[in-house]
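See below for input08.tsv, which holds TSV, C-alpha atoms and all ligand atoms.
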```tsv
chain	number	residue	atom	x	y	z
T	14	MET	CA	12.69	0.53	-28.19
T	15	LEU	CA	11.44	1.91	-24.93
T	16	VAL	CA	12.82	1.98	-21.39
T	17	ARG	CA	10.80	0.03	-18.80
T	18	ALA	CA	11.06	0.10	-15.00
T	19	VAL	CA	11.38	-3.59	-14.15
T	20	VAL	CA	11.01	-5.15	-10.68
T	21	ARG	CA	14.37	-6.60	-9.61
T	22	GLY	CA	13.63	-7.34	-5.95
T	23	VAL	CA	10.91	-7.16	-3.31
T	24	GLY	CA	10.92	-7.39	0.48
T	25	HIS	CA	8.99	-6.43	3.58
T	26	TYR	CA	9.21	-5.96	7.31
T	27	LEU	CA	6.58	-6.30	10.02
T	28	PRO	CA	7.03	-5.19	13.64
T	29	GLU	CA	7.29	-8.07	16.10
T	30	ARG	CA	4.17	-7.37	18.14
T	31	ILE	CA	1.02	-9.04	16.79
T	32	VAL	CA	-2.29	-7.69	18.05
T	33	GLU	CA	-5.19	-10.15	17.68
T	34	ASN	CA	-8.77	-8.84	17.32
T	35	SER	CA	-9.56	-10.28	20.77
T	36	GLU	CA	-7.20	-7.72	22.38
T	37	PHE	CA	-9.65	-4.93	21.47
T	38	GLU	CA	-12.48	-6.77	23.25
T	39	LYS	CA	-10.79	-5.95	26.58
T	40	SER	CA	-11.10	-2.17	26.21
T	41	LEU	CA	-13.87	-1.58	23.64
T	42	ASP	CA	-17.45	-2.62	22.90
T	43	THR	CA	-16.37	-4.74	19.92
T	44	SER	CA	-15.82	-8.39	19.03
T	45	ASP	CA	-13.53	-10.57	16.97
T	46	GLU	CA	-16.66	-11.65	15.08
T	47	TRP	CA	-17.63	-8.04	14.15
T	48	ILE	CA	-14.12	-7.11	13.00
T	49	ARG	CA	-13.71	-10.32	10.93
T	50	SER	CA	-17.11	-10.20	9.30
T	51	ARG	CA	-17.13	-6.45	8.49
T	52	SER	CA	-13.46	-6.09	7.40
T	53	GLY	CA	-11.81	-9.52	7.02
T	54	ILE	CA	-9.11	-8.45	9.50
T	55	GLU	CA	-7.99	-11.03	12.11
T	56	ARG	CA	-4.77	-9.49	13.42
T	57	ARG	CA	-2.31	-6.68	12.75
T	58	HIS	CA	1.23	-5.70	13.80
T	59	PHE	CA	1.99	-2.65	15.98
T	60	ALA	CA	5.43	-1.04	16.10
T	61	ALA	CA	7.31	-1.15	19.41
T	62	PRO	CA	7.78	2.07	21.41
T	63	GLY	CA	10.67	3.92	19.77
T	64	GLU	CA	10.35	1.96	16.53
T	65	THR	CA	9.72	4.49	13.74
T	66	THR	CA	8.46	4.48	10.18
T	67	SER	CA	12.00	4.91	8.82
T	68	ASP	CA	13.12	1.89	10.91
T	69	LEU	CA	10.42	-0.28	9.32
T	70	ALA	CA	11.18	1.18	5.88
T	71	ALA	CA	14.94	0.58	6.17
T	72	ASN	CA	14.34	-3.06	7.13
T	73	ALA	CA	12.00	-3.58	4.16
T	74	ALA	CA	14.53	-1.84	1.89
T	75	ARG	CA	17.34	-4.14	3.07
T	76	ALA	CA	15.16	-7.18	2.30
T	77	ALA	CA	14.33	-5.88	-1.19
T	78	LEU	CA	17.99	-5.04	-1.93
T	79	HIS	CA	19.02	-8.53	-0.77
T	80	ASP	CA	16.35	-10.04	-3.06
T	81	ALA	CA	17.68	-7.95	-5.96
T	82	GLY	CA	21.30	-8.87	-5.22
T	83	MET	CA	22.14	-5.17	-4.96
T	84	GLU	CA	23.96	-2.89	-2.53
T	85	PRO	CA	22.58	0.46	-1.29
T	86	GLY	CA	25.26	2.20	-3.38
T	87	ASP	CA	23.69	0.74	-6.55
T	88	ILE	CA	20.51	2.79	-5.98
T	89	ASP	CA	20.00	6.24	-7.57
T	90	ALA	CA	16.79	7.26	-5.81
T	91	ILE	CA	14.50	6.38	-2.90
T	92	VAL	CA	10.78	7.19	-3.16
T	93	LEU	CA	9.00	6.51	0.12
T	94	ALA	CA	5.21	6.60	0.44
T	95	THR	CA	4.06	7.42	3.96
T	96	SER	CA	1.55	9.53	5.89
T	97	THR	CA	3.26	8.78	9.20
T	98	PRO	CA	6.85	10.07	8.84
T	99	ASP	CA	9.20	10.10	11.84
T	100	LEU	CA	9.28	13.92	11.89
T	101	THR	CA	7.56	16.77	10.04
T	102	PHE	CA	10.85	17.09	8.18
T	103	PRO	CA	13.28	15.93	6.89
T	104	SER	CA	11.63	13.24	4.81
T	105	ALA	CA	11.58	9.69	6.15
T	106	ALA	CA	13.20	8.76	2.83
T	107	THR	CA	16.39	10.67	3.71
T	108	MET	CA	16.43	8.89	7.09
T	109	VAL	CA	16.23	5.55	5.25
T	110	GLN	CA	19.05	6.72	2.95
T	111	ASP	CA	21.21	7.38	6.03
T	112	LYS	CA	20.22	4.09	7.73
T	113	LEU	CA	21.25	2.20	4.60
T	114	GLY	CA	24.60	4.01	4.59
T	115	MET	CA	23.80	5.55	1.18
T	116	THR	CA	25.57	8.85	0.43
T	117	ASN	CA	24.76	8.95	-3.28
T	118	GLY	CA	21.54	9.69	-5.14
T	119	PHE	CA	18.41	11.44	-3.83
T	120	ALA	CA	15.45	10.56	-1.61
T	121	PHE	CA	12.00	12.01	-0.99
T	122	ASP	CA	8.58	11.14	0.47
T	123	VAL	CA	5.27	10.87	-1.36
T	124	GLN	CA	2.04	11.53	0.56
T	125	ALA	CA	-1.15	10.07	-0.92
T	126	VAL	CA	-2.29	8.16	2.20
T	127	CYS	CA	-3.54	4.64	1.35
T	128	ALA	CA	-2.95	5.26	-2.38
T	129	GLY	CA	0.63	6.31	-1.56
T	130	PHE	CA	2.38	3.25	-2.94
T	131	VAL	CA	0.58	3.48	-6.28
T	132	PHE	CA	1.54	7.19	-6.48
T	133	ALA	CA	5.15	6.37	-5.48
T	134	LEU	CA	5.39	3.62	-8.13
T	135	ALA	CA	4.07	6.00	-10.80
T	136	ASN	CA	6.60	8.67	-9.75
T	137	ALA	CA	9.46	6.17	-9.67
T	138	ASN	CA	8.43	4.96	-13.12
T	139	ALA	CA	8.52	8.57	-14.37
T	140	LEU	CA	12.05	8.99	-12.95
T	141	VAL	CA	13.16	5.90	-14.86
T	142	LEU	CA	11.40	6.80	-18.12
T	143	SER	CA	12.84	10.34	-18.05
T	144	GLY	CA	16.35	9.05	-17.45
T	145	GLN	CA	16.74	10.73	-14.04
T	146	ALA	CA	17.38	7.41	-12.28
T	147	LYS	CA	18.25	3.90	-13.38
T	148	ARG	CA	17.62	2.05	-10.11
T	149	VAL	CA	14.92	3.21	-7.72
T	150	LEU	CA	13.96	1.87	-4.31
T	151	VAL	CA	10.19	2.34	-3.90
T	152	ILE	CA	8.98	1.91	-0.33
T	153	GLY	CA	5.63	2.03	1.46
T	154	ALA	CA	5.98	2.32	5.24
T	155	GLU	CA	3.57	3.32	8.00
T	156	THR	CA	3.10	3.46	11.76
T	157	PHE	CA	-0.66	4.11	11.73
T	158	SER	CA	-0.89	2.87	15.33
T	159	ARG	CA	0.52	6.30	16.29
T	160	ILE	CA	-2.43	8.24	14.79
T	161	LEU	CA	-5.28	6.01	15.99
T	162	ASP	CA	-7.87	7.05	18.58
T	163	MET	CA	-7.83	3.86	20.65
T	164	ASN	CA	-11.30	4.78	22.02
T	165	ASP	CA	-12.89	4.93	18.54
T	166	ARG	CA	-13.93	1.36	17.77
T	167	ALA	CA	-14.98	2.31	14.23
T	168	THR	CA	-11.37	3.05	13.22
T	169	CYS	CA	-8.77	1.72	15.68
T	170	VAL	CA	-9.51	-1.96	14.95
T	171	LEU	CA	-8.84	-1.52	11.23
T	172	PHE	CA	-5.24	-0.30	10.90
T	173	GLY	CA	-1.74	-1.70	11.43
T	174	ASP	CA	1.97	-0.97	10.98
T	175	GLY	CA	4.47	-2.36	8.47
T	176	ALA	CA	6.63	-1.71	5.43
T	177	GLY	CA	7.31	-3.16	1.98
T	178	ALA	CA	9.77	-2.23	-0.76
T	179	LEU	CA	10.52	-2.86	-4.43
T	180	VAL	CA	13.71	-2.30	-6.40
T	181	LEU	CA	13.01	-1.04	-9.93
T	182	GLU	CA	15.67	-1.03	-12.63
T	183	ALA	CA	15.67	0.51	-16.13
T	184	GLN	CA	15.63	-2.12	-18.87
T	185	ASP	CA	15.06	-1.83	-22.60
T	186	GLY	CA	11.68	-3.11	-23.75
T	187	SER	CA	9.91	-3.43	-27.09
T	188	GLY	CA	7.08	-1.07	-26.15
T	189	SER	CA	4.52	-3.87	-26.26
T	190	SER	CA	2.42	-5.18	-23.34
T	191	ASP	CA	4.60	-8.32	-23.34
T	192	ASP	CA	7.47	-6.29	-21.85
T	193	ARG	CA	8.42	-6.85	-18.25
T	194	GLY	CA	8.09	-3.82	-15.99
T	195	ILE	CA	5.56	-1.06	-15.43
T	196	LEU	CA	3.20	-0.97	-18.41
T	197	ALA	CA	0.73	1.75	-17.38
T	198	THR	CA	-0.32	3.91	-14.45
T	199	ASP	CA	-3.53	5.78	-13.61
T	200	LEU	CA	-3.65	8.40	-10.83
T	201	ASN	CA	-6.67	10.34	-9.55
T	202	SER	CA	-7.74	12.54	-6.67
T	203	ASP	CA	-10.74	14.66	-5.69
T	204	GLY	CA	-10.21	17.00	-2.76
T	205	ARG	CA	-13.95	17.65	-2.38
T	206	TYR	CA	-14.02	14.38	-0.43
T	207	ARG	CA	-11.25	15.28	2.02
T	208	ASP	CA	-13.60	15.16	5.04
T	209	LEU	CA	-14.39	11.46	4.51
T	210	LEU	CA	-10.99	10.35	5.79
T	211	TYR	CA	-8.51	12.66	7.48
T	212	VAL	CA	-6.33	13.24	10.55
T	213	ASP	CA	-7.57	16.09	12.78
T	214	GLY	CA	-4.19	17.68	13.41
T	215	GLY	CA	-1.17	19.05	11.59
T	216	VAL	CA	1.71	21.49	11.58
T	217	SER	CA	-0.09	24.57	10.28
T	218	THR	CA	-3.38	23.97	12.12
T	219	THR	CA	-3.19	22.42	15.59
T	220	GLY	CA	0.57	22.00	15.84
T	221	SER	CA	0.05	18.37	16.90
T	222	SER	CA	-0.21	15.19	14.88
T	223	GLY	CA	-3.91	14.44	15.57
T	224	VAL	CA	-5.92	11.22	15.18
T	225	LEU	CA	-7.58	9.49	12.25
T	226	LYS	CA	-11.25	10.22	11.50
T	227	MET	CA	-13.21	8.22	8.93
T	228	GLN	CA	-16.73	8.05	7.53
T	229	GLY	CA	-16.28	4.35	6.78
T	230	LYS	CA	-19.53	3.72	4.91
T	231	GLU	CA	-18.95	6.65	2.53
T	232	VAL	CA	-15.33	5.65	1.85
T	233	PHE	CA	-16.55	2.10	1.21
T	234	ARG	CA	-19.06	3.34	-1.37
T	235	HIS	CA	-16.43	5.34	-3.28
T	236	ALA	CA	-13.89	2.52	-3.04
T	237	VAL	CA	-15.86	-0.19	-4.80
T	238	GLU	CA	-16.89	2.18	-7.59
T	239	LYS	CA	-13.52	3.90	-8.15
T	240	LEU	CA	-11.09	0.97	-7.75
T	241	ALA	CA	-12.47	-1.18	-10.56
T	242	THR	CA	-12.62	1.89	-12.83
T	243	THR	CA	-8.99	2.92	-12.22
T	244	ALA	CA	-7.77	-0.67	-12.61
T	245	HIS	CA	-9.62	-0.94	-15.93
T	246	THR	CA	-8.19	2.41	-17.06
T	247	ALA	CA	-4.62	1.30	-16.29
T	248	LEU	CA	-5.18	-1.98	-18.16
T	249	ASP	CA	-6.75	-0.14	-21.07
T	250	LYS	CA	-3.76	2.22	-21.33
T	251	ALA	CA	-1.55	-0.89	-21.58
T	252	GLY	CA	-3.81	-2.43	-24.25
T	253	LEU	CA	-4.92	-5.19	-21.87
T	254	THR	CA	-8.17	-6.36	-20.21
T	255	GLY	CA	-9.22	-8.09	-17.00
T	256	ASP	CA	-8.83	-11.46	-18.78
T	257	ASP	CA	-5.07	-10.84	-19.06
T	258	VAL	CA	-4.62	-10.33	-15.31
T	259	ASP	CA	-2.69	-13.03	-13.43
T	260	TRP	CA	-2.84	-11.27	-10.05
T	261	ILE	CA	-4.75	-8.39	-8.56
T	262	VAL	CA	-2.68	-7.05	-5.66
T	263	PRO	CA	-5.12	-4.62	-4.03
T	264	HIS	CA	-4.77	-2.18	-1.18
T	265	GLN	CA	-5.71	-4.27	1.84
T	266	ALA	CA	-8.36	-2.20	3.61
T	267	ASN	CA	-11.39	-4.43	3.67
T	268	LEU	CA	-12.05	-7.94	2.32
T	269	ARG	CA	-15.53	-6.87	1.17
T	270	ILE	CA	-14.07	-4.00	-0.91
T	271	ILE	CA	-11.44	-6.34	-2.38
T	272	LYS	CA	-14.11	-8.91	-3.34
T	273	GLY	CA	-16.41	-6.22	-4.78
T	274	THR	CA	-13.59	-4.82	-6.93
T	275	ALA	CA	-12.46	-8.25	-8.20
T	276	ASN	CA	-16.08	-9.07	-8.99
T	277	ARG	CA	-16.50	-5.88	-11.04
T	278	MET	CA	-13.27	-6.71	-12.88
T	279	ARG	CA	-14.53	-10.29	-13.46
T	280	VAL	CA	-11.33	-11.67	-11.92
T	281	PRO	CA	-11.88	-14.70	-9.62
T	282	MET	CA	-10.70	-14.44	-5.99
T	283	ASP	CA	-8.06	-17.17	-6.50
T	284	ARG	CA	-6.19	-14.55	-8.58
T	285	VAL	CA	-6.18	-11.98	-5.77
T	286	ILE	CA	-3.36	-11.71	-3.20
T	287	LEU	CA	-4.89	-11.29	0.28
T	288	THR	CA	-2.98	-10.20	3.37
T	289	VAL	CA	-5.69	-8.09	5.04
T	290	GLN	CA	-6.41	-10.90	7.52
T	291	ASP	CA	-2.87	-10.79	8.94
T	292	HIS	CA	-1.80	-7.15	8.44
T	293	GLY	CA	-5.00	-5.08	8.67
T	294	ASN	CA	-4.95	-1.80	6.75
T	295	THR	CA	-1.32	-0.63	6.67
T	296	SER	CA	-2.11	2.28	4.32
T	297	ALA	CA	0.78	2.90	1.87
T	298	ALA	CA	2.56	-0.26	3.07
T	299	SER	CA	-0.23	-2.69	2.22
T	300	ILE	CA	0.46	-3.20	-1.50
T	301	PRO	CA	4.24	-3.78	-1.22
T	302	LEU	CA	3.59	-6.07	1.78
T	303	ALA	CA	1.17	-8.08	-0.37
T	304	LEU	CA	3.53	-8.07	-3.39
T	305	SER	CA	6.36	-9.36	-1.20
T	306	THR	CA	4.14	-12.02	0.37
T	307	GLY	CA	2.86	-13.22	-3.02
T	308	ALA	CA	6.29	-13.21	-4.70
T	309	HIS	CA	8.13	-14.95	-1.87
T	310	ASP	CA	5.53	-17.73	-1.45
T	311	GLY	CA	5.92	-18.44	-5.20
T	312	ARG	CA	2.52	-17.28	-6.44
T	313	ILE	CA	3.65	-14.18	-8.36
T	314	LYS	CA	6.10	-15.33	-11.03
T	315	PRO	CA	8.29	-13.45	-13.53
T	316	GLY	CA	6.35	-12.61	-16.69
T	317	GLN	CA	2.94	-12.53	-15.00
T	318	LEU	CA	0.63	-9.53	-15.25
T	319	VAL	CA	-0.01	-7.82	-11.91
T	320	VAL	CA	-2.50	-5.02	-11.27
T	321	THR	CA	-2.32	-2.99	-8.07
T	322	GLU	CA	-5.10	-0.60	-7.05
T	323	ALA	CA	-5.67	1.60	-3.99
T	324	ILE	CA	-7.85	4.38	-2.58
T	325	GLY	CA	-7.56	6.50	0.53
T	326	GLY	CA	-7.70	9.94	2.12
T	327	GLY	CA	-8.04	12.85	-0.28
T	328	LEU	CA	-9.78	11.04	-1.77
T	329	ALA	CA	-6.80	9.85	-3.81
T	330	TRP	CA	-6.85	6.66	-5.86
T	331	GLY	CA	-5.06	4.89	-8.67
T	332	ALA	CA	-3.75	1.72	-10.25
T	333	VAL	CA	-0.58	0.34	-11.83
T	334	ALA	CA	-0.40	-2.46	-14.41
T	335	LEU	CA	2.98	-4.17	-14.45
T	336	ARG	CA	4.50	-7.35	-15.76
T	337	TRP	CA	6.51	-9.01	-12.95
M	401	LIG	O1	-7.67	2.50	3.43
M	401	LIG	C1	-8.37	3.69	3.27
M	401	LIG	C2	-9.72	3.43	2.84
M	401	LIG	N1	-10.54	2.97	3.93
M	401	LIG	C3	-11.42	2.03	3.69
M	401	LIG	O2	-11.44	1.50	2.61
M	401	LIG	C4	-12.43	1.71	4.74
M	401	LIG	C5	-13.80	1.65	4.10
M	401	LIG	N2	-14.88	1.30	5.02
M	401	LIG	C6	-14.98	0.10	5.61
M	401	LIG	O3	-14.12	-0.74	5.46
M	401	LIG	C7	-16.24	-0.21	6.38
M	401	LIG	O4	-17.18	0.84	6.17
M	401	LIG	C8	-16.00	-0.38	7.90
M	401	LIG	C9	-15.27	-1.68	8.16
M	401	LIG	C10	-15.20	0.81	8.41
M	401	LIG	C11	-17.35	-0.44	8.64
M	401	LIG	O5	-18.18	-1.43	8.08
M	401	LIG	P1	-19.72	-1.11	7.78
M	401	LIG	O6	-20.34	-2.35	7.36
M	401	LIG	O7	-19.73	0.05	6.82
M	401	LIG	O8	-20.27	-0.71	9.21
M	401	LIG	P2	-20.90	0.66	9.71
M	401	LIG	O9	-19.85	1.72	9.79
M	401	LIG	O10	-22.13	0.96	8.96
M	401	LIG	O11	-21.31	0.25	11.17
M	401	LIG	C12	-22.31	-0.72	11.42
M	401	LIG	C13	-22.53	-0.79	12.91
M	401	LIG	C14	-22.74	0.57	13.56
M	401	LIG	O12	-23.73	0.43	14.55
M	401	LIG	P3	-25.26	0.89	14.26
M	401	LIG	O13	-25.15	2.36	13.96
M	401	LIG	O14	-25.70	0.07	13.10
M	401	LIG	O15	-25.92	0.57	15.55
M	401	LIG	C15	-21.43	0.86	14.22
M	401	LIG	O16	-21.55	1.69	15.37
M	401	LIG	O17	-21.37	-1.35	13.55
M	401	LIG	C16	-20.96	-0.52	14.62
M	401	LIG	N3	-19.50	-0.62	14.79
M	401	LIG	C17	-18.92	-1.58	15.49
M	401	LIG	N4	-19.41	-2.58	16.22
M	401	LIG	C18	-18.54	-3.39	16.82
M	401	LIG	C19	-18.56	0.16	14.23
M	401	LIG	N5	-17.35	-0.28	14.59
M	401	LIG	C20	-17.54	-1.36	15.37
M	401	LIG	C21	-16.68	-2.24	16.06
M	401	LIG	N6	-17.24	-3.25	16.76
M	401	LIG	N7	-15.34	-2.13	15.99
```
Starting from the file, lay out its structure as structure tokens.
Ligand code: UT7
Amino acid sequence: MLVRAVVRGVGHYLPERIVENSEFEKSLDTSDEWIRSRSGIERRHFAAPGETTSDLAANAARAALHDAGMEPGDIDAIVLATSTPDLTFPSAATMVQDKLGMTNGFAFDVQAVCAGFVFALANANALVLSGQAKRVLVIGAETFSRILDMNDRATCVLFGDGAGALVLEAQDGSGSSDDRGILATDLNSDGRYRDLLYVDGGVSTTGSSGVLKMQGKEVFRHAVEKLATTAHTALDKAGLTGDDVDWIVPHQANLRIIKGTANRMRVPMDRVILTVQDHGNTSAASIPLALSTGAHDGRIKPGQLVVTEAIGGGLAWGAVALRW
């Protein structure tokens, strides 16, 4: 027998304000047509002034707890993936803990940029497998609108704000790939590529938060190559192949990357959950937002095999194979 971290609930939250591609046409030399055709993005949500990452995260957490039929006091640990925390410290996770009225357990942030949710899931899984926590709230939450250079058309049209959350619970499994829960994880990073996607400020350098800089074409090239490989590796570790996959739930950065990855994995696009058109790239929030969307509209069903994969700044990338 083996302990598995099984998904008990999922939820998300999006800020009220929707920004259509056409809004950028007013201030930049860009077009709805360019943004749609190069990225697949049609609109994104931006947080309201004063609305913070921990606000979005707490709302997503409440939705996931409601879905799981659990109270905040039932949770042992919060793992929150974000690159846009409210403050340099304390962690946004401890702010979520307080907003939920939770005085038990422990909470911390994970920083792996767009791959953050995959890294957070792998860490939460390790907490469950090692017996350090039985019920873990895993959240991805971002306010990327706060680190965008609104004069840089090559980046500011691509990102959005939002949050998604999962509740994981320890459950005995047989050890086979038929078990529900997280079956395998695969994490990677290579700091030689840090200049391809970074924010040009920080505590120990400029003392300010800075703005996002990206060599889009280079990141694109790495993404298509590395995402299919990491997804295959995760499946392989679980003793499964692309043919076993019911749903790919990819990081939602670019429709062309998502299609290229699915194609390399020989998984048809009708088995891919897409939210990039409505959310843009929400970094660590994009996978839990897509999981919540796919589960609540009835596509992702208990017992189905889901593969998530993501890449972002670092470069950092990875995949998780799990049975819903
Ligand atoms: O989530 C973290 C990981 N990030 C990603 O996965 C992003 C990966 N990269 C991408 O998604 C794509 O590379 C982009 C969507 C960022 C760009 O698409 P692309 O097909 O690689 O375009 P490009 O950067 O080569 O730019 C093509 C042209 C350029 O003009 P020239 O040099 O050909 O004259 C750009 O200046 O498009 C121009 N351009 C724009 N035009 C209109 C760049 N941004 C815009 C814009 N509107 N917003």
Fill in: Given 9 Å and only C-alpha atoms and all ligand atoms, residues near ligand LIG 401 (chain M) as a ChimeraX atom specification
/T:37-38,41-48,50-53,126-128,165-172,210,227-237,264-270,294-297,323-326,328
Practice prompt. Counting all atoms listed in the file, find the residues whose atoms lie at most 6 Å from (4.2, 4.3, 3.2) (file coordinates) and write them out as number ranges by chain.
Written response: T: 94-95, 153-155, 297-298
Could you take the residues named above and write them with C-alpha atoms, as a PDB file, in the coordinates of the input?
```pdb
ATOM      1  CA  ALA T  94       5.210   6.600   0.440  1.00  0.00           C
ATOM      2  CA  THR T  95       4.060   7.420   3.960  1.00  0.00           C
ATOM      3  CA  GLY T 153       5.630   2.030   1.460  1.00  0.00           C
ATOM      4  CA  ALA T 154       5.980   2.320   5.240  1.00  0.00           C
ATOM      5  CA  GLU T 155       3.570   3.320   8.000  1.00  0.00           C
ATOM      6  CA  ALA T 297       0.780   2.900   1.870  1.00  0.00           C
ATOM      7  CA  ALA T 298       2.560  -0.260   3.070  1.00  0.00           C
TER       8      ALA T 298
END
```
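Summary of the local environment: counting only C-alpha atoms, residues at most 8 Å from Gly24 in chain T, other than itself and those fewer than 5 positions away along its chain, are Ala73, Ala74, Arg75, Ala76, Ala77, Leu78, Asp80, Gly177, Ala178, Leu179, Pro301, Leu302 and Ser305 of chain T.
Of the residues listed (T:Lys250, T:Lys239, T:Arg336, T:Lys226), T:Lys239 shows the shortest atom-to-atom separation from Asn201 in chain T; distances use all atoms listed in the file.
Closest approach to Met83 in chain T from the set T:Val23, T:Leu69, T:Ala329, T:Leu161 is made by T:Val23, with distances taken over all atoms listed in the file.
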Practice prompt. State, in Å with one decimal place, the distance from CA of Leu335 in chain T to CA of Trp260 in chain T.
Written response: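 Computing the Euclidean distance for CA of Leu335 in chain T and CA of Trp260 in chain T yields 10.2 Å.
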Worksheet item: With all atoms listed in the file as the basis for distance, which of T:Leu93, T:Ala106, T:Ile54, T:Ile31 is at the shortest distance from Gly293 in chain T?
Response: T:Ile54
Fill in: Shortest interatomic distance to Ala139 in chain T - which of T:Gly215, T:Pro85, T:Ala244, T:Arg17, counting only C-alpha atoms
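Ranked by minimum distance to Ala139 in chain T, first place goes to T:Arg17.
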Item to complete: Could you give me, as a list in words, the residues that have an atom at most 10 Å away from the point (5.0, -11.4, -0.5) in the coordinates of the file, using only C-alpha atoms?
Response: Val23, Gly24, His25, Gly177, Ile286, Leu287, Thr288, Ile300, Pro301, Leu302, Ala303, Leu304, Ser305, Thr306, Gly307, Ala308, His309, Asp310, Gly311, Arg312 and Ile313 of chain T
Item to complete: Tell me, in Å to one decimal, how far CA of Ala90 in chain T is from CA of Lys314 in chain T.
Response: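 Rounded to one decimal, the two atoms are 25.5 Å apart.
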Discussion item. One decimal, in Å: what's the spacing between CA of Tyr26 in chain T and CA of Arg56 in chain T?
Written reply: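 Spanning CA of Tyr26 in chain T to CA of Arg56 in chain T is a straight-line distance of 15.7 Å.
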Discussion item. Please list as a list of chain:residue names every residue within 9 Å of Thr107 in chain T, counting only C-alpha atoms and excluding residues in the same chain fewer than 2 positions away.
Written reply: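 Near neighbours after the sequence-gap exclusion: T:Ser67, T:Ile91, T:Pro103, T:Ser104, T:Ala105, T:Val109, T:Gln110, T:Asp111, T:Lys112, T:Phe119, T:Ala120, T:Phe121, T:Asp122.
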Would you tabulate, counting all atoms listed in the file, all residues of range 65-125 of chain T that have an atom at most 12 Å from an atom of range 157-160 of chain T, showing the closest pair of atoms and their distance in Å to one decimal, sorted by chain then ascending number, as a tab-separated table?
```
residue	atom	partner	partner_atom	distance
T:Thr65	CA	T:Arg159	CA	9.7
T:Thr66	CA	T:Phe157	CA	9.3
T:Thr95	CA	T:Phe157	CA	9.7
T:Ser96	CA	T:Phe157	CA	8.3
T:Thr97	CA	T:Phe157	CA	6.6
T:Pro98	CA	T:Phe157	CA	10.0
T:Asp99	CA	T:Arg159	CA	10.5
```
